[in-house]
Amino acid sequence: MAGAEPHSVAGREPLQRPTAVAVDRYSLWLDTVVRIVESAGVEVVATTTDVGEAGELLDRHRPDLFIVGLEKTTTEVVDALMEAVAGGTTTIVVSSDDDPQFVQHCLGAGADAYVVKTIEPKGLFSTIRQAIDRCVYLFGQPQPDRHAPVERADGERESLTAREVEVLRLIAEGLSNADVARRLWISVPTVKYHLSRIYEKVGVANRTGATRWALRHGLLALDDAAA
């Protein structure tokens, strides 16, 4: 796939199935993604190795799914890409970088899921199916009414995001960082980042303190807290 010229995937009759645009600067990884996406029942209508062409492809094809390879060096294009995504288009970022700040930047800009390239093919397949079917609601940015208010000692108010509440509930069940990462389709460093933010927001030093806080504020059932 030499060069960066975008192309439409031809040679197939129109099907009533989801469509996708895939972008990655590395053609080998792009070819792999295309195979996995299509095996998940999604039609890849266009691909490119030039991230700069992504906006044009999105505008032209209006796909159901947008899979884009990004690295920390492309941070400046993340916001522009997310703005170019059509309403209703599910966006999955794939990257070799698991830096928590970059992960949060992508999710905060509007990506529905962030996948590290060390993921197994079957894991990416599952992520794509879940993103398309919405059979597991772990994607997308939290809505304000799903936040849990936090009253700090200094009187300021913060809130736990929906993802932080998910992490909090899982650690209350006794799951390890690795288990939480697998359950939420995020990296272990991202779990650690969420935990550090939770501890900071609620004013505790460890999992036990966070679990007790969550129980006092009605975020956990008694059975969860006892796990």
# chains A, B, ... in the order shown; residues from 1 in each chain; ligands from 1
>>> residues_around(residues="region 26-31 of chain A", least_positions_apart="2", cutoff="10 Å", atoms="only C-alpha atoms", output="list in words")
Met1, Ala2, Gly3, Ala4, Ala22, Val23, Asp24, Val33, Val34, Arg35, Ile36, Val37, Thr47, Thr48, Thr49, Asp50, Ile67, Val68, Gly69 and Lys117 of chain A
>>> residues_around(residues="region 95-109 of chain A", least_positions_apart="6", cutoff="6 Å", atoms="only C-alpha atoms", output="MDAnalysis selection string")
chainID A and resid 69:71 79 116:117 190
>>> select_by_dssp(residues="region 12-121 of chain A", states="helix (DSSP H, G or I)", output="number ranges by chain")
A: 27-39, 51-61, 72-84, 100-109, 121
>>> write_last_selection(atoms="C-alpha atoms", output="mmCIF file, in the first residue's frame")
data_model
loop_
_atom_site.group_PDB
_atom_site.id
_atom_site.type_symbol
_atom_site.label_atom_id
_atom_site.label_comp_id
_atom_site.auth_asym_id
_atom_site.auth_seq_id
_atom_site.Cartn_x
_atom_site.Cartn_y
_atom_site.Cartn_z
ATOM 1 C CA SER A 27 0.380 -0.292 5.758
ATOM 2 C CA LEU A 28 1.072 -3.681 7.361
ATOM 3 C CA TRP A 29 -0.988 -2.812 10.441
ATOM 4 C CA LEU A 30 -3.644 -1.201 8.232
ATOM 5 C CA ASP A 31 -4.000 -4.410 6.211
ATOM 6 C CA THR A 32 -4.351 -6.386 9.437
ATOM 7 C CA VAL A 33 -7.032 -4.036 10.746
ATOM 8 C CA VAL A 34 -8.972 -4.281 7.475
ATOM 9 C CA ARG A 35 -9.001 -8.084 7.669
ATOM 10 C CA ILE A 36 -10.196 -8.058 11.282
ATOM 11 C CA VAL A 37 -12.833 -5.392 10.635
ATOM 12 C CA GLU A 38 -14.265 -7.290 7.690
ATOM 13 C CA SER A 39 -14.228 -10.575 9.607
ATOM 14 C CA VAL A 51 -3.898 10.761 8.512
ATOM 15 C CA GLY A 52 -4.267 14.071 6.721
ATOM 16 C CA GLU A 53 -6.683 12.419 4.267
ATOM 17 C CA ALA A 54 -8.956 11.101 7.028
ATOM 18 C CA GLY A 55 -11.263 14.109 7.170
ATOM 19 C CA GLU A 56 -11.936 13.925 3.440
ATOM 20 C CA LEU A 57 -12.705 10.202 3.628
ATOM 21 C CA LEU A 58 -15.043 10.681 6.571
ATOM 22 C CA ASP A 59 -16.909 13.444 4.796
ATOM 23 C CA ARG A 60 -17.172 11.420 1.595
ATOM 24 C CA HIS A 61 -18.249 8.070 3.047
ATOM 25 C CA LYS A 72 1.688 10.915 20.730
ATOM 26 C CA THR A 73 3.486 12.685 17.893
ATOM 27 C CA THR A 74 0.077 13.204 16.216
ATOM 28 C CA THR A 75 -1.599 14.793 19.236
ATOM 29 C CA GLU A 76 -2.157 18.003 17.313
ATOM 30 C CA VAL A 77 -4.424 16.248 14.798
ATOM 31 C CA VAL A 78 -6.577 14.386 17.341
ATOM 32 C CA ASP A 79 -9.036 17.222 17.977
ATOM 33 C CA ALA A 80 -9.368 17.987 14.271
ATOM 34 C CA LEU A 81 -10.066 14.338 13.510
ATOM 35 C CA MET A 82 -12.704 14.071 16.200
ATOM 36 C CA GLU A 83 -14.409 17.195 14.848
ATOM 37 C CA ALA A 84 -14.457 15.618 11.392
ATOM 38 C CA PRO A 100 -2.337 7.666 30.244
ATOM 39 C CA GLN A 101 -2.321 11.344 29.317
ATOM 40 C CA PHE A 102 -2.486 10.585 25.598
ATOM 41 C CA VAL A 103 -5.199 7.977 26.185
ATOM 42 C CA GLN A 104 -7.242 10.532 28.107
ATOM 43 C CA HIS A 105 -6.622 13.179 25.453
ATOM 44 C CA CYS A 106 -8.060 10.913 22.748
ATOM 45 C CA LEU A 107 -11.049 9.851 24.835
ATOM 46 C CA GLY A 108 -11.653 13.409 25.951
ATOM 47 C CA ALA A 109 -11.611 14.576 22.325
ATOM 48 C CA PRO A 121 -6.510 -10.072 17.062
#
>>> atom_distance(atom1="CA of Leu160 (chain A)", atom2="CA of Arg197 (chain A)")
8.6 Å
>>> atom_distance(atom1="CA of Ile128 (chain A)", atom2="CA of Ala181 (chain A)")
16.9 Å
>>> residues_around(residues="Glu43 (chain A)", least_positions_apart="4", cutoff="7 Å", atoms="only C-alpha atoms", output="PDB file with C-alpha atoms, in the first residue's frame")
ATOM      1  CA  ARG A  17     -24.059  -3.985   6.963  1.00  0.00           C
ATOM      2  CA  PRO A  18     -22.012  -1.385   8.832  1.00  0.00           C
ATOM      3  CA  THR A  19     -19.299   0.472   6.951  1.00  0.00           C
ATOM      4  CA  ALA A  20     -15.864   1.593   8.094  1.00  0.00           C
ATOM      5  CA  GLU A  38     -14.265  -7.290   7.690  1.00  0.00           C
TER       6      GLU A  38
END
>>> atom_distance(atom1="CA of Tyr193 (chain A)", atom2="CA of Val167 (chain A)")
10.5 Å
>>> select_by_dssp(residues="region 8-219 of chain A", states="strand (DSSP E or B)", output="ChimeraX atom specification")
/A:8,19-23,43-48,65-69,90-95,113-116,148-151,157-160
>>> closest_residue(among="A:Arg62, A:Arg183, A:Arg129, A:Arg25", to="Gly88 (chain A)", atoms="only C-alpha atoms")
A:Arg62
>>> decode(residues="region 49-198 of chain A", atoms="C-alpha atoms", output="mmCIF file, in the first residue's frame")
data_model
loop_
_atom_site.group_PDB
_atom_site.id
_atom_site.type_symbol
_atom_site.label_atom_id
_atom_site.label_comp_id
_atom_site.auth_asym_id
_atom_site.auth_seq_id
_atom_site.Cartn_x
_atom_site.Cartn_y
_atom_site.Cartn_z
ATOM 1 C CA THR A 49 -1.927 5.649 5.240
ATOM 2 C CA ASP A 50 -2.116 9.450 5.416
ATOM 3 C CA VAL A 51 -3.898 10.761 8.512
ATOM 4 C CA GLY A 52 -4.267 14.071 6.721
ATOM 5 C CA GLU A 53 -6.683 12.419 4.267
ATOM 6 C CA ALA A 54 -8.956 11.101 7.028
ATOM 7 C CA GLY A 55 -11.263 14.109 7.170
ATOM 8 C CA GLU A 56 -11.936 13.925 3.440
ATOM 9 C CA LEU A 57 -12.705 10.202 3.628
ATOM 10 C CA LEU A 58 -15.043 10.681 6.571
ATOM 11 C CA ASP A 59 -16.909 13.444 4.796
ATOM 12 C CA ARG A 60 -17.172 11.420 1.595
ATOM 13 C CA HIS A 61 -18.249 8.070 3.047
ATOM 14 C CA ARG A 62 -19.956 8.932 6.357
ATOM 15 C CA PRO A 63 -19.066 5.499 7.807
ATOM 16 C CA ASP A 64 -20.551 3.794 10.851
ATOM 17 C CA LEU A 65 -17.056 3.014 12.164
ATOM 18 C CA PHE A 66 -13.809 4.987 12.024
ATOM 19 C CA ILE A 67 -10.607 3.221 13.069
ATOM 20 C CA VAL A 68 -7.558 5.463 13.180
ATOM 21 C CA GLY A 69 -3.953 4.824 14.162
ATOM 22 C CA LEU A 70 -2.527 7.656 16.242
ATOM 23 C CA GLU A 71 0.625 8.214 18.276
ATOM 24 C CA LYS A 72 1.688 10.915 20.730
ATOM 25 C CA THR A 73 3.486 12.685 17.893
ATOM 26 C CA THR A 74 0.077 13.204 16.216
ATOM 27 C CA THR A 75 -1.599 14.793 19.236
ATOM 28 C CA GLU A 76 -2.157 18.003 17.313
ATOM 29 C CA VAL A 77 -4.424 16.248 14.798
ATOM 30 C CA VAL A 78 -6.577 14.386 17.341
ATOM 31 C CA ASP A 79 -9.036 17.222 17.977
ATOM 32 C CA ALA A 80 -9.368 17.987 14.271
ATOM 33 C CA LEU A 81 -10.066 14.338 13.510
ATOM 34 C CA MET A 82 -12.704 14.071 16.200
ATOM 35 C CA GLU A 83 -14.409 17.195 14.848
ATOM 36 C CA ALA A 84 -14.457 15.618 11.392
ATOM 37 C CA VAL A 85 -16.226 12.492 12.614
ATOM 38 C CA ALA A 86 -19.843 12.499 11.503
ATOM 39 C CA GLY A 87 -22.550 12.213 14.121
ATOM 40 C CA GLY A 88 -23.244 8.563 14.892
ATOM 41 C CA THR A 89 -19.814 7.377 13.737
ATOM 42 C CA THR A 90 -18.143 5.136 16.294
ATOM 43 C CA THR A 91 -14.445 5.968 16.595
ATOM 44 C CA ILE A 92 -11.736 3.577 17.766
ATOM 45 C CA VAL A 93 -8.181 4.849 18.216
ATOM 46 C CA VAL A 94 -5.405 2.272 17.888
ATOM 47 C CA SER A 95 -1.933 3.146 19.086
ATOM 48 C CA SER A 96 1.368 1.654 20.202
ATOM 49 C CA ASP A 97 1.415 4.250 22.998
ATOM 50 C CA ASP A 98 -0.262 3.514 26.343
ATOM 51 C CA ASP A 99 0.638 6.824 27.970
ATOM 52 C CA PRO A 100 -2.337 7.666 30.244
ATOM 53 C CA GLN A 101 -2.321 11.344 29.317
ATOM 54 C CA PHE A 102 -2.486 10.585 25.598
ATOM 55 C CA VAL A 103 -5.199 7.977 26.185
ATOM 56 C CA GLN A 104 -7.242 10.532 28.107
ATOM 57 C CA HIS A 105 -6.622 13.179 25.453
ATOM 58 C CA CYS A 106 -8.060 10.913 22.748
ATOM 59 C CA LEU A 107 -11.049 9.851 24.835
ATOM 60 C CA GLY A 108 -11.653 13.409 25.951
ATOM 61 C CA ALA A 109 -11.611 14.576 22.325
ATOM 62 C CA GLY A 110 -14.426 12.147 21.526
ATOM 63 C CA ALA A 111 -12.960 8.726 20.705
ATOM 64 C CA ASP A 112 -15.276 5.900 21.763
ATOM 65 C CA ALA A 113 -12.487 3.425 22.521
ATOM 66 C CA TYR A 114 -8.693 3.357 22.725
ATOM 67 C CA VAL A 115 -6.864 0.149 21.810
ATOM 68 C CA VAL A 116 -3.159 -0.527 22.333
ATOM 69 C CA LYS A 117 -1.567 -2.352 19.400
ATOM 70 C CA THR A 118 -0.332 -5.149 21.622
ATOM 71 C CA ILE A 119 -3.947 -6.388 21.704
ATOM 72 C CA GLU A 120 -4.594 -9.899 20.377
ATOM 73 C CA PRO A 121 -6.510 -10.072 17.062
ATOM 74 C CA LYS A 122 -9.467 -11.713 18.791
ATOM 75 C CA GLY A 123 -9.480 -8.852 21.300
ATOM 76 C CA LEU A 124 -9.689 -6.251 18.529
ATOM 77 C CA PHE A 125 -12.407 -8.311 16.843
ATOM 78 C CA SER A 126 -14.408 -8.324 20.086
ATOM 79 C CA THR A 127 -13.896 -4.591 20.584
ATOM 80 C CA ILE A 128 -15.170 -3.856 17.091
ATOM 81 C CA ARG A 129 -18.244 -6.030 17.536
ATOM 82 C CA GLN A 130 -19.038 -4.467 20.913
ATOM 83 C CA ALA A 131 -18.560 -0.977 19.491
ATOM 84 C CA ILE A 132 -20.862 -1.667 16.549
ATOM 85 C CA ASP A 133 -23.510 -3.655 18.426
ATOM 86 C CA ARG A 134 -23.344 -1.542 21.582
ATOM 87 C CA CYS A 135 -23.883 -4.760 23.485
ATOM 88 C CA VAL A 136 -21.437 -3.583 26.161
ATOM 89 C CA TYR A 137 -21.647 0.080 27.136
ATOM 90 C CA LEU A 138 -18.017 0.803 27.920
ATOM 91 C CA PHE A 139 -17.451 3.261 25.098
ATOM 92 C CA GLY A 140 -17.968 6.971 24.688
ATOM 93 C CA GLN A 141 -17.603 9.856 27.066
ATOM 94 C CA PRO A 142 -19.582 9.987 30.320
ATOM 95 C CA GLN A 143 -22.695 12.120 30.501
ATOM 96 C CA PRO A 144 -22.992 14.694 33.324
ATOM 97 C CA ASP A 145 -25.872 12.911 35.043
ATOM 98 C CA ARG A 146 -23.693 9.829 35.449
ATOM 99 C CA HIS A 147 -21.076 11.656 37.506
ATOM 100 C CA ALA A 148 -20.780 11.078 41.205
ATOM 101 C CA PRO A 149 -20.360 14.377 43.135
ATOM 102 C CA VAL A 150 -17.426 14.620 45.533
ATOM 103 C CA GLU A 151 -17.286 17.129 48.380
ATOM 104 C CA ARG A 152 -13.651 17.832 49.256
ATOM 105 C CA ALA A 153 -12.316 18.951 52.598
ATOM 106 C CA ASP A 154 -11.531 22.394 51.191
ATOM 107 C CA GLY A 155 -15.171 22.852 50.190
ATOM 108 C CA GLU A 156 -14.547 22.548 46.467
ATOM 109 C CA ARG A 157 -16.650 20.102 44.477
ATOM 110 C CA GLU A 158 -15.353 17.661 41.915
ATOM 111 C CA SER A 159 -16.960 14.648 40.335
ATOM 112 C CA LEU A 160 -15.993 11.111 39.465
ATOM 113 C CA THR A 161 -16.428 10.354 35.799
ATOM 114 C CA ALA A 162 -18.483 7.370 34.698
ATOM 115 C CA ARG A 163 -15.268 5.502 33.884
ATOM 116 C CA GLU A 164 -13.834 6.269 37.334
ATOM 117 C CA VAL A 165 -17.011 4.908 38.915
ATOM 118 C CA GLU A 166 -16.637 1.743 36.816
ATOM 119 C CA VAL A 167 -13.044 1.324 37.978
ATOM 120 C CA LEU A 168 -14.036 1.981 41.579
ATOM 121 C CA ARG A 169 -16.786 -0.647 41.491
ATOM 122 C CA LEU A 170 -14.469 -3.234 39.967
ATOM 123 C CA ILE A 171 -11.687 -2.762 42.488
ATOM 124 C CA ALA A 172 -14.339 -3.052 45.205
ATOM 125 C CA GLU A 173 -15.051 -6.518 43.801
ATOM 126 C CA GLY A 174 -11.408 -7.365 44.444
ATOM 127 C CA LEU A 175 -10.206 -7.283 40.841
ATOM 128 C CA SER A 176 -6.533 -6.602 40.178
ATOM 129 C CA ASN A 177 -5.388 -3.741 37.939
ATOM 130 C CA ALA A 178 -4.818 -6.252 35.144
ATOM 131 C CA ASP A 179 -8.306 -7.718 35.577
ATOM 132 C CA VAL A 180 -9.880 -4.251 35.533
ATOM 133 C CA ALA A 181 -7.916 -3.406 32.378
ATOM 134 C CA ARG A 182 -9.169 -6.523 30.620
ATOM 135 C CA ARG A 183 -12.754 -5.944 31.743
ATOM 136 C CA LEU A 184 -12.820 -2.329 30.513
ATOM 137 C CA TRP A 185 -10.628 -2.786 27.425
ATOM 138 C CA ILE A 186 -8.044 -0.303 28.645
ATOM 139 C CA SER A 187 -4.365 -0.590 29.557
ATOM 140 C CA VAL A 188 -2.998 -1.220 33.046
ATOM 141 C CA PRO A 189 -1.335 2.244 33.128
ATOM 142 C CA THR A 190 -4.742 3.751 32.366
ATOM 143 C CA VAL A 191 -6.262 1.853 35.307
ATOM 144 C CA LYS A 192 -3.502 3.213 37.542
ATOM 145 C CA TYR A 193 -4.183 6.708 36.225
ATOM 146 C CA HIS A 194 -7.898 6.390 37.047
ATOM 147 C CA LEU A 195 -7.087 5.079 40.531
ATOM 148 C CA SER A 196 -4.735 7.980 41.244
ATOM 149 C CA ARG A 197 -7.452 10.427 40.164
ATOM 150 C CA ILE A 198 -10.040 8.657 42.326
#
